[in-house]
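As stored in model24.cif (mmCIF, C-alpha atoms):
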```cif
data_entry
#
loop_
_atom_site.label_atom_id
_atom_site.label_comp_id
_atom_site.auth_asym_id
_atom_site.auth_seq_id
_atom_site.Cartn_x
_atom_site.Cartn_y
_atom_site.Cartn_z
CA MET A 1 173.93 123.01 86.59
CA GLY A 2 170.86 125.16 87.22
CA VAL A 3 169.63 128.12 85.23
CA ARG A 4 169.44 131.38 87.17
CA ALA A 5 166.36 133.55 87.02
CA GLY A 6 166.62 135.87 84.05
CA SER A 7 169.15 133.70 82.25
CA VAL A 8 168.61 131.62 79.13
CA ALA A 9 170.08 128.18 78.60
CA ARG A 10 172.28 127.76 75.51
CA GLY A 11 170.37 127.16 72.31
CA THR A 12 167.04 128.37 73.70
CA GLY A 13 167.50 132.11 73.20
CA LYS A 14 165.11 132.44 70.25
CA ALA A 15 162.50 130.23 71.88
CA ALA A 16 162.77 132.08 75.18
CA ARG A 17 162.50 135.46 73.46
CA GLY A 18 159.47 134.21 71.53
CA LEU A 19 157.78 133.02 74.72
CA LEU A 20 158.57 136.31 76.44
CA LEU A 21 157.14 138.28 73.52
CA CYS A 22 153.99 136.14 73.48
CA GLY A 23 153.62 136.74 77.22
CA LEU A 24 153.93 140.52 76.86
CA LEU A 25 151.80 141.07 73.77
CA PRO A 26 148.51 140.64 75.62
CA LEU A 27 149.39 143.60 77.85
CA ALA A 28 149.09 145.82 74.79
CA ALA A 29 145.31 145.43 74.86
CA CYS A 30 144.96 146.24 78.54
CA GLY A 31 143.35 149.60 78.01
CA GLY A 32 140.20 148.54 76.27
CA GLY A 33 140.41 151.27 73.67
CA SER A 34 140.43 149.21 70.51
CA GLY A 35 136.77 149.87 69.90
CA SER A 36 135.99 146.19 69.42
CA GLY A 37 135.80 145.49 73.16
CA HIS A 38 138.18 142.59 72.63
CA GLY A 39 141.90 142.69 73.28
CA TRP A 40 144.51 140.03 72.81
CA ASN A 41 142.71 137.85 75.33
CA GLY A 42 139.04 138.48 74.66
CA ALA A 43 136.67 140.83 76.34
CA LEU A 44 138.38 141.05 79.77
CA GLN A 45 140.21 144.37 79.93
CA CYS A 46 141.37 146.69 82.67
CA ALA A 47 139.29 149.80 81.88
CA PRO A 48 135.83 148.20 81.96
CA TYR A 49 136.84 146.29 85.10
CA ALA A 50 137.99 149.46 86.89
CA ARG A 51 134.81 151.29 85.80
CA SER A 52 132.62 148.48 87.19
CA VAL A 53 134.47 148.43 90.52
CA THR A 54 134.70 152.20 91.08
CA GLY A 55 131.63 153.59 89.33
CA LEU A 56 133.77 156.18 87.51
CA GLN A 57 131.97 157.34 84.38
CA LEU A 58 134.99 157.08 82.09
CA SER A 59 135.45 155.05 78.93
CA GLY A 60 137.91 154.24 76.17
CA ALA A 61 141.60 153.48 76.44
CA ALA A 62 142.95 153.50 79.99
CA ALA A 63 145.66 156.09 79.23
CA GLY A 64 142.93 158.52 78.13
CA TRP A 65 141.18 158.36 81.50
CA TRP A 66 143.47 161.01 83.00
CA ARG A 67 142.58 163.71 80.51
CA GLN A 68 138.96 162.58 80.30
CA SER A 69 138.55 162.86 84.08
CA GLU A 70 139.86 166.44 84.34
CA GLY A 71 137.18 168.65 85.84
CA ALA A 72 134.94 165.69 86.68
CA TYR A 73 137.04 163.86 89.28
CA ALA A 74 139.91 164.78 91.59
CA HIS A 75 143.50 163.97 90.59
CA THR A 76 146.10 163.18 93.22
CA ARG A 77 149.64 161.86 93.68
CA VAL A 78 148.81 160.28 97.06
CA PRO A 79 147.04 156.90 96.87
CA ALA A 80 143.89 156.01 98.81
CA PRO A 81 141.67 152.92 98.67
CA GLY A 82 139.17 153.03 95.81
CA GLU A 83 141.22 155.39 93.66
CA VAL A 84 142.37 154.45 90.17
CA LEU A 85 146.07 154.45 89.27
CA VAL A 86 146.40 155.49 85.61
CA PHE A 87 149.37 154.18 83.64
CA ARG A 88 150.61 156.24 80.71
CA ALA A 89 150.64 154.78 77.21
CA THR A 90 154.02 153.26 76.35
CA HIS A 91 155.43 150.94 73.71
CA ARG A 92 154.58 148.00 76.00
CA LEU A 93 151.17 149.40 77.00
CA PRO A 94 149.90 151.32 73.95
CA ASP A 95 146.48 151.86 75.58
CA GLY A 96 147.89 152.39 79.08
CA HIS A 97 146.49 150.52 82.06
CA VAL A 98 144.34 151.22 85.12
CA SER A 99 144.39 149.54 88.54
CA VAL A 100 142.14 150.11 91.55
CA VAL A 101 143.86 150.78 94.88
CA ARG A 102 142.80 148.18 97.43
CA GLN A 103 145.13 149.10 100.30
CA VAL A 104 147.90 151.58 101.08
CA ARG A 105 150.85 149.78 102.70
CA GLY A 106 153.14 152.79 103.11
CA SER A 107 154.21 155.95 101.32
CA ARG A 108 155.66 153.91 98.46
CA ALA A 109 153.66 150.68 98.45
CA ILE A 110 150.05 149.81 97.63
CA LEU A 111 147.99 146.76 96.81
CA VAL A 112 145.73 146.94 93.75
CA ASP A 113 142.96 145.00 92.08
CA GLN A 114 143.24 144.87 88.29
CA ALA A 115 142.18 143.03 85.19
CA ASN A 116 144.32 141.75 82.35
CA TRP A 117 147.77 142.62 83.72
CA VAL A 118 148.24 138.89 83.64
CA PRO A 119 146.34 138.23 80.41
CA GLY A 120 142.78 137.05 80.84
CA ARG A 121 142.78 137.33 84.65
CA ILE A 122 141.40 139.54 87.39
CA ASP A 123 143.90 139.74 90.24
CA HIS A 124 143.34 141.10 93.74
CA GLY A 125 145.86 142.48 96.22
CA ILE A 126 148.73 142.85 93.74
CA PRO A 127 151.73 144.84 95.07
CA VAL A 128 152.72 148.04 93.26
CA VAL A 129 155.66 150.15 94.41
CA ASP A 130 156.51 153.77 93.71
CA VAL A 131 160.04 153.95 92.28
CA SER A 132 159.94 157.61 91.26
CA ARG A 133 162.77 159.86 92.40
CA ALA A 134 160.32 162.45 93.73
CA ASN A 135 158.20 159.91 95.64
CA ASP A 136 155.20 161.11 93.60
CA TRP A 137 153.98 157.84 92.05
CA SER A 138 155.02 158.96 88.54
CA ALA A 139 156.95 155.68 88.03
CA VAL A 140 155.98 152.27 89.38
CA ARG A 141 156.89 148.61 89.34
CA VAL A 142 154.19 145.93 89.49
CA TRP A 143 154.22 142.41 90.92
CA TRP A 144 154.38 139.83 88.12
CA GLN A 145 152.40 136.83 89.33
CA PRO A 146 153.71 134.28 86.77
CA VAL A 147 157.22 134.53 88.29
CA HIS A 148 156.12 135.36 91.85
CA SER A 149 158.25 138.48 92.15
CA MET A 150 158.24 142.20 91.51
CA GLY A 151 158.46 142.95 87.80
CA LYS A 152 161.67 144.56 86.54
CA SER A 153 159.99 147.05 84.20
CA VAL A 154 159.29 150.58 85.37
CA TYR A 155 156.00 152.02 84.12
CA PRO A 156 155.22 155.76 83.96
CA THR A 157 151.91 156.86 85.47
CA TYR A 158 149.81 160.01 85.62
CA GLY A 159 148.69 159.53 89.20
CA PHE A 160 145.41 158.61 90.89
CA ILE A 161 141.82 159.47 89.99
CA SER A 162 139.44 159.80 92.92
CA ARG A 163 135.65 159.70 92.84
CA ASP A 164 135.74 162.98 94.74
CA LEU A 165 134.93 166.17 92.91
CA PRO A 166 137.99 168.19 91.89
CA ASP A 167 139.01 171.15 94.02
CA ARG A 168 137.21 174.17 92.63
CA PRO A 169 137.69 177.78 93.62
CA SER A 170 135.02 179.17 95.88
CA PRO A 171 132.63 181.59 94.17
CA ASP A 172 133.47 184.07 96.98
CA ALA A 173 137.21 183.94 96.25
#
```
Would you mind writing the file's structure down as structure tokens?
Amino acid sequence: MGVRAGSVARGTGKAARGLLLCGLLPLAACGGGSGSGHGWNGALQCAPYARSVTGLQLSGAAAGWWRQSEGAYAHTRVPAPGEVLVFRATHRLPDGHVSVVRQVRGSRAILVDQANWVPGRIDHGIPVVDVSRANDWSAVRVWWQPVHSMGKSVYPTYGFISRDLPDRPSPDA
């Protein structure tokens, strides 16, 4: 008798929950906002990685990048290569998360490069899908490499930060 994906064999529930919790805890440090520069898995964190790849002059916890970038960089709900997808802070991601868009695969699918989604790793070309009702990238699911399938969790996002300057009204307007 095999064990189906997502099921737990009898007598292993506590152990399986413990392993799952240990696997998810490192995500809590993804944002890089602890001040120490070290999360659950050392110095590798998503925010410094995204900053080094994009050149965006933003710092602190990933979830704070959205507000911090207002007026300095353009915000959008339509992904483009090189833009940063900003995940909101949640119970699972207290500092949020940021990923860099590598490729747009359709109106609801992109590939990203990111650090520390899988703890201690930099991953390239990871699928992310828009599951929002409004098709506005406000809710996404992310590929979970350890199980080789799309993750079941839905994560809220702010949208994308572009290196472009924000739209500003013309002085003649």
Write out as an mmCIF file with C-alpha atoms, in the frame of the given file each polymer residue whose atoms come within 10 Å of Arg51 in chain A, counting only C-alpha atoms; drop sequence neighbours fewer than 6 positions from it.
```
data_model
loop_
_atom_site.group_PDB
_atom_site.id
_atom_site.type_symbol
_atom_site.label_atom_id
_atom_site.label_comp_id
_atom_site.auth_asym_id
_atom_site.auth_seq_id
_atom_site.Cartn_x
_atom_site.Cartn_y
_atom_site.Cartn_z
ATOM 1 C CA GLN A 57 131.970 157.340 84.380
ATOM 2 C CA LEU A 58 134.990 157.080 82.090
ATOM 3 C CA SER A 59 135.450 155.050 78.930
ATOM 4 C CA VAL A 84 142.370 154.450 90.170
ATOM 5 C CA VAL A 98 144.340 151.220 85.120
ATOM 6 C CA VAL A 100 142.140 150.110 91.550
#
```
If you measure from CA of Asp130 in chain A to CA of Arg108 in chain A, what distance in Å do you get, rounded to one decimal?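 Going from CA of Asp130 in chain A over to CA of Arg108 in chain A covers 4.8 Å.
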Could you write out as a ChimeraX atom specification the residues that the PyMOL selection byres ((chain A and resi 139) around 7) matches in the shown file? /A:130-132,137-138,140,154-157
Give me the residues within 9 Å of Lys152 in chain A as number ranges by chain, counting only C-alpha atoms and dropping any in the same chain fewer than 6 places off. A: 141-144
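Proximity ranking of A:Gly125, A:Pro94, A:Pro79, A:Pro48 relative to Ala63 in chain A places A:Pro94 first, based on only C-alpha atoms.
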Selected by the PyMOL selection byres ((chain A and resi 76) around 10) in the shown coordinates: which residues, as a count of residues only? 18
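For the atom pair formed by CA of Met150 in chain A and CA of Val112 in chain A, the distance is 13.6 Å, given to one decimal.
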One residue among A:Arg67, A:Leu44, A:Ala72, A:Ala61 is nearest to Asp164 in chain A when using only C-alpha atoms, and that residue is A:Ala72
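The set of residues that the PyMOL selection byres ((chain A and resi 120) around 7) takes from this file is Asn41, Leu44, Asn116, Val118, Pro119 and Arg121 of chain A.
Taking CA of Ala134 in chain A as the reference point, CA of Ala115 in chain A is found at 27.9 Å.
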Would you pick out the contacts of His97 in chain A at 10 Å or less, using only C-alpha atoms, so that residues sharing its chain but fewer than 3 positions from it are not included, and give the list as a count of residues only? 30
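Considering the residues A:Ser153, A:Val147, A:Thr54, A:Ser99 and counting only C-alpha atoms, Ile122 in chain A has its shortest atom-to-atom contact with A:Ser99.
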